[in-house]
Amino acid sequence: MQRTDTDPAAVIAAAPAHLRGDFAALDARIAQAMDGLPRVAWEGQFWGGTQQRIIGYGQYRYTNRSGSEVEWFIVGLAAQKQYLSLYVNAVEDGGYLVKRYAPLLGKVKVGSANVTFRRLVDVELDALLEMVSRARELLADA
């Protein structure tokens, strides 16, 4: 997966119609929380081998397991076929931020570094945006 020149608005426009409104609304809120940091489309093969289009907010560098230095987004938002996925790549005190915020996020499914949900009304938006802001604090200078 890599950064592209695709306009993030095109990623939103290509989302399934039933998700597009929530995708656009959440994109606007995350962009506001990440104001001043890059907002770009990432495209290509993602974890598990699926092809993805993700709007990435902010960037940081880290060393992966093979020892290569990699550039990645701090927070990413994607529309899948039936749900939205939010990827939060921040760790604090040895644990993923998503796991720490999980009990506060509402009717969502939580992985190690991702949150999925069918509708924005299912999410406790204030808690989600607090998590995004904390990820920014932790990684924006990394």
# chains A, B, ... in the order shown; residues from 1 in each chain; ligands from 1
>>> closest_atom_pairs(of="stretch 14-52 of chain A", to="stretch 71-93 of chain A", cutoff="7 Å", atoms="only C-alpha atoms", output="tab-separated table")
residue	atom	partner	partner_atom	distance
A:Ala15	CA	A:Ala79	CA	5.9
A:Pro16	CA	A:Lys81	CA	6.5
A:Phe23	CA	A:Ala79	CA	7.0
>>> write_last_selection(atoms="C-alpha atoms", output="JSON list (two decimals), in the first residue's frame")
[["chain", "number", "residue", "atom", "x", "y", "z"],
["A", 15, "ALA", "CA", -17.70, 4.44, -1.65],
["A", 16, "PRO", "CA", -20.89, 2.38, -1.60],
["A", 23, "PHE", "CA", -17.87, 8.45, 5.19]]
>>> closest_residue(among="A:Ala33, A:Leu120, A:Ala127, A:Val132", to="A:His18", atoms="only C-alpha atoms")
A:Leu120
>>> closest_residue(among="A:Arg29, A:Arg136, A:Val115, A:Arg39", to="A:Arg100", atoms="only C-alpha atoms")
A:Val115
>>> residues_around(residues="A:Val98", least_positions_apart="6", cutoff="7 Å", atoms="only C-alpha atoms", output="PyMOL selection string")
chain A and resi 88+112-114
>>> closest_residue(among="A:Leu105, A:Ser68, A:Lys99, A:Met1", to="A:Ile54", atoms="only C-alpha atoms")
A:Met1
>>> closest_residue(among="A:Thr50, A:Asp7, A:Asn64, A:Leu26", to="A:Glu124", atoms="only C-alpha atoms")
A:Leu26
>>> closest_residue(among="A:Leu125, A:Leu97, A:Met34, A:Val40", to="A:Val110", atoms="only C-alpha atoms")
A:Leu97
>>> select_by_dssp(residues="stretch 45-113 of chain A", states="alpha helix (DSSP H)", output="number ranges by chain")
A: 97-101
>>> select_by_dssp(residues="stretch 20-117 of chain A", states="strand (DSSP E or B)", output="ChimeraX atom specification")
/A:39-45,51-57,60-63,69-72,75-79,84-88,91-92,95-96,106,109-110,114-117
